[in-house]
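Peer 1: Please see the structure below; I have some questions.
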Amino acid sequence: MDSAQSFQEAPEVLVVPTMTDVPRDDDGAPRLEGTVEVMLIPLEAESGGTQLVALAFSTVVGLVEAMGEEQSWVAIPSGKLEEALQGSGAQAVLLDPQPAGGAGGAGGAGGAKNG
């Protein structure tokens, strides 16, 4: 990922969807043990071709509205997102994507940021 741009306008913590369920504490907060597979989607790049993009949301409510209640997630401080995504293959981050055809599916408009 290009580190020239940062998440200056993003909240302190971002909610990132994961590929598998994440163990949770009694209060529902995700417990991080080992590694977590974040969700990457291929998007058409401005320069042509495709790039793998990580999804991130400003709030849990935003994630639920876009991806559904059953979507697993982790909260990551926005200042540590680039480090957390190292080795994932993500080339950019799509912040607060909107569902393409209603709740429960990712896609649609949102600001892709190289983080």
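Residue numbering restarts at 1 in every chain; chains get A, B, ... in the order shown in the structure tokens, and ligands count up from 1 in that same order.
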Using DSSP secondary structure from the backbone, list all strand (DSSP E) positions within segment 48-106 of chain A, as a list of chain:residue names.
Peer 2: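 Taking segment 48-106 of chain A and keeping strand (DSSP E) gives A:Thr50, A:Gln51, A:Leu52, A:Val53, A:Ala54, A:Leu55, A:Ala56, A:Trp73, A:Val74, A:Ala75, A:Ile76, A:Pro77, A:Ala92, A:Val93, A:Leu94, A:Leu95.
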Peer 1: Next, the residues of the selection above should be written as a JSON list (two decimals), in the first residue's frame with all heavy atoms.
Peer 2:
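As written to disk, again05.json reads:
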[["chain", "number", "residue", "atom", "x", "y", "z"],
["A", 50, "THR", "N", -7.08, -4.51, -11.97],
["A", 50, "THR", "CA", -7.75, -4.59, -10.67],
["A", 50, "THR", "C", -6.74, -4.46, -9.55],
["A", 50, "THR", "O", -5.54, -4.70, -9.74],
["A", 50, "THR", "CB", -8.52, -5.91, -10.51],
["A", 50, "THR", "OG1", -7.59, -7.00, -10.62],
["A", 50, "THR", "CG2", -9.62, -6.07, -11.52],
["A", 51, "GLN", "N", -7.22, -4.08, -8.39],
["A", 51, "GLN", "CA", -6.41, -4.04, -7.19],
["A", 51, "GLN", "C", -7.21, -4.65, -6.05],
["A", 51, "GLN", "O", -8.44, -4.56, -6.04],
["A", 51, "GLN", "CB", -5.96, -2.63, -6.85],
["A", 51, "GLN", "CG", -7.08, -1.67, -6.50],
["A", 51, "GLN", "CD", -6.55, -0.28, -6.15],
["A", 51, "GLN", "OE1", -5.36, -0.06, -6.05],
["A", 51, "GLN", "NE2", -7.46, 0.66, -5.95],
["A", 52, "LEU", "N", -6.52, -5.27, -5.11],
["A", 52, "LEU", "CA", -7.19, -5.82, -3.93],
["A", 52, "LEU", "C", -7.36, -4.72, -2.91],
["A", 52, "LEU", "O", -6.42, -4.00, -2.58],
["A", 52, "LEU", "CB", -6.38, -6.97, -3.33],
["A", 52, "LEU", "CG", -6.40, -8.26, -4.12],
["A", 52, "LEU", "CD1", -5.50, -9.30, -3.45],
["A", 52, "LEU", "CD2", -7.82, -8.80, -4.25],
["A", 53, "VAL", "N", -8.58, -4.58, -2.40],
["A", 53, "VAL", "CA", -8.92, -3.50, -1.50],
["A", 53, "VAL", "C", -9.49, -4.08, -0.21],
["A", 53, "VAL", "O", -10.35, -4.96, -0.24],
["A", 53, "VAL", "CB", -9.95, -2.56, -2.17],
["A", 53, "VAL", "CG1", -10.40, -1.47, -1.23],
["A", 53, "VAL", "CG2", -9.37, -1.97, -3.45],
["A", 54, "ALA", "N", -9.00, -3.58, 0.92],
["A", 54, "ALA", "CA", -9.56, -3.95, 2.22],
["A", 54, "ALA", "C", -10.74, -3.02, 2.50],
["A", 54, "ALA", "O", -10.71, -1.85, 2.13],
["A", 54, "ALA", "CB", -8.50, -3.81, 3.31],
["A", 55, "LEU", "N", -11.75, -3.55, 3.15],
["A", 55, "LEU", "CA", -12.91, -2.74, 3.54],
["A", 55, "LEU", "C", -12.72, -2.29, 4.98],
["A", 55, "LEU", "O", -12.20, -3.03, 5.81],
["A", 55, "LEU", "CB", -14.19, -3.56, 3.43],
["A", 55, "LEU", "CG", -14.48, -4.18, 2.07],
["A", 55, "LEU", "CD1", -15.76, -5.01, 2.13],
["A", 55, "LEU", "CD2", -14.58, -3.12, 1.00],
["A", 56, "ALA", "N", -13.15, -1.07, 5.29],
["A", 56, "ALA", "CA", -13.11, -0.55, 6.65],
["A", 56, "ALA", "C", -14.32, 0.36, 6.85],
["A", 56, "ALA", "O", -14.77, 1.02, 5.92],
["A", 56, "ALA", "CB", -11.81, 0.22, 6.90],
["A", 73, "TRP", "N", -16.09, -9.18, 12.49],
["A", 73, "TRP", "CA", -15.28, -7.98, 12.34],
["A", 73, "TRP", "C", -14.29, -7.85, 13.48],
["A", 73, "TRP", "O", -14.40, -8.53, 14.51],
["A", 73, "TRP", "CB", -16.17, -6.74, 12.30],
["A", 73, "TRP", "CG", -17.09, -6.59, 13.49],
["A", 73, "TRP", "CD1", -18.35, -7.11, 13.61],
["A", 73, "TRP", "CD2", -16.82, -5.94, 14.72],
["A", 73, "TRP", "NE1", -18.87, -6.80, 14.83],
["A", 73, "TRP", "CE2", -17.96, -6.07, 15.54],
["A", 73, "TRP", "CE3", -15.73, -5.23, 15.22],
["A", 73, "TRP", "CZ2", -18.02, -5.55, 16.83],
["A", 73, "TRP", "CZ3", -15.79, -4.69, 16.49],
["A", 73, "TRP", "CH2", -16.94, -4.86, 17.29],
["A", 74, "VAL", "N", -13.31, -6.97, 13.28],
["A", 74, "VAL", "CA", -12.38, -6.56, 14.34],
["A", 74, "VAL", "C", -12.28, -5.04, 14.29],
["A", 74, "VAL", "O", -12.49, -4.42, 13.25],
["A", 74, "VAL", "CB", -10.98, -7.18, 14.20],
["A", 74, "VAL", "CG1", -11.01, -8.67, 14.41],
["A", 74, "VAL", "CG2", -10.35, -6.82, 12.87],
["A", 75, "ALA", "N", -11.95, -4.46, 15.42],
["A", 75, "ALA", "CA", -11.70, -3.02, 15.50],
["A", 75, "ALA", "C", -10.19, -2.81, 15.52],
["A", 75, "ALA", "O", -9.48, -3.46, 16.28],
["A", 75, "ALA", "CB", -12.34, -2.44, 16.75],
["A", 76, "ILE", "N", -9.73, -1.90, 14.66],
["A", 76, "ILE", "CA", -8.30, -1.63, 14.54],
["A", 76, "ILE", "C", -8.09, -0.11, 14.63],
["A", 76, "ILE", "O", -8.76, 0.63, 13.91],
["A", 76, "ILE", "CB", -7.74, -2.15, 13.20],
["A", 76, "ILE", "CG1", -7.95, -3.65, 13.09],
["A", 76, "ILE", "CG2", -6.27, -1.78, 13.04],
["A", 76, "ILE", "CD1", -7.55, -4.24, 11.75],
["A", 77, "PRO", "N", -7.17, 0.35, 15.48],
["A", 77, "PRO", "CA", -6.87, 1.79, 15.48],
["A", 77, "PRO", "C", -6.46, 2.23, 14.07],
["A", 77, "PRO", "O", -5.66, 1.56, 13.42],
["A", 77, "PRO", "CB", -5.71, 1.92, 16.47],
["A", 77, "PRO", "CG", -5.82, 0.70, 17.34],
["A", 77, "PRO", "CD", -6.36, -0.38, 16.44],
["A", 92, "ALA", "N", -5.12, -0.98, -1.19],
["A", 92, "ALA", "CA", -5.84, 0.24, -0.79],
["A", 92, "ALA", "C", -6.91, -0.16, 0.22],
["A", 92, "ALA", "O", -7.14, -1.35, 0.46],
["A", 92, "ALA", "CB", -6.47, 0.91, -2.01],
["A", 93, "VAL", "N", -7.54, 0.85, 0.80],
["A", 93, "VAL", "CA", -8.63, 0.63, 1.76],
["A", 93, "VAL", "C", -9.84, 1.41, 1.28],
["A", 93, "VAL", "O", -9.73, 2.58, 0.92],
["A", 93, "VAL", "CB", -8.23, 1.10, 3.17],
["A", 93, "VAL", "CG1", -9.41, 0.97, 4.13],
["A", 93, "VAL", "CG2", -7.04, 0.29, 3.68],
["A", 94, "LEU", "N", -10.99, 0.74, 1.26],
["A", 94, "LEU", "CA", -12.25, 1.39, 0.90],
["A", 94, "LEU", "C", -12.98, 1.70, 2.20],
["A", 94, "LEU", "O", -13.39, 0.79, 2.93],
["A", 94, "LEU", "CB", -13.08, 0.47, 0.01],
["A", 94, "LEU", "CG", -14.37, 1.04, -0.56],
["A", 94, "LEU", "CD1", -14.07, 2.24, -1.45],
["A", 94, "LEU", "CD2", -15.10, -0.03, -1.37],
["A", 95, "LEU", "N", -13.09, 2.99, 2.51],
["A", 95, "LEU", "CA", -13.68, 3.42, 3.77],
["A", 95, "LEU", "C", -15.18, 3.67, 3.61],
["A", 95, "LEU", "O", -15.61, 4.38, 2.70],
["A", 95, "LEU", "CB", -12.99, 4.71, 4.24],
["A", 95, "LEU", "CG", -13.41, 5.27, 5.59],
["A", 95, "LEU", "CD1", -13.16, 4.26, 6.71],
["A", 95, "LEU", "CD2", -12.66, 6.57, 5.87]]
Peer 1: Between A:Pro11, A:Gly62, A:Gly89, A:Pro99, which residue has the minimum interatomic distance to Met39 of chain A, considering only C-alpha atoms?
Peer 2: A:Gly89
Peer 1: Which residue, A:Ser47, A:Leu81, A:Phe57, A:Ser72, has the smallest gap to Pro23 of chain A when you use only C-alpha atoms?
Peer 2: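 Between A:Ser47, A:Leu81, A:Phe57, A:Ser72, the residue approaching Pro23 of chain A most closely is A:Ser72.
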Peer 1: Record the distance separating atom CA of Val36 of chain A and atom CA of Met67 of chain A, expressed in Å with one decimal.
Peer 2: 18.0 Å
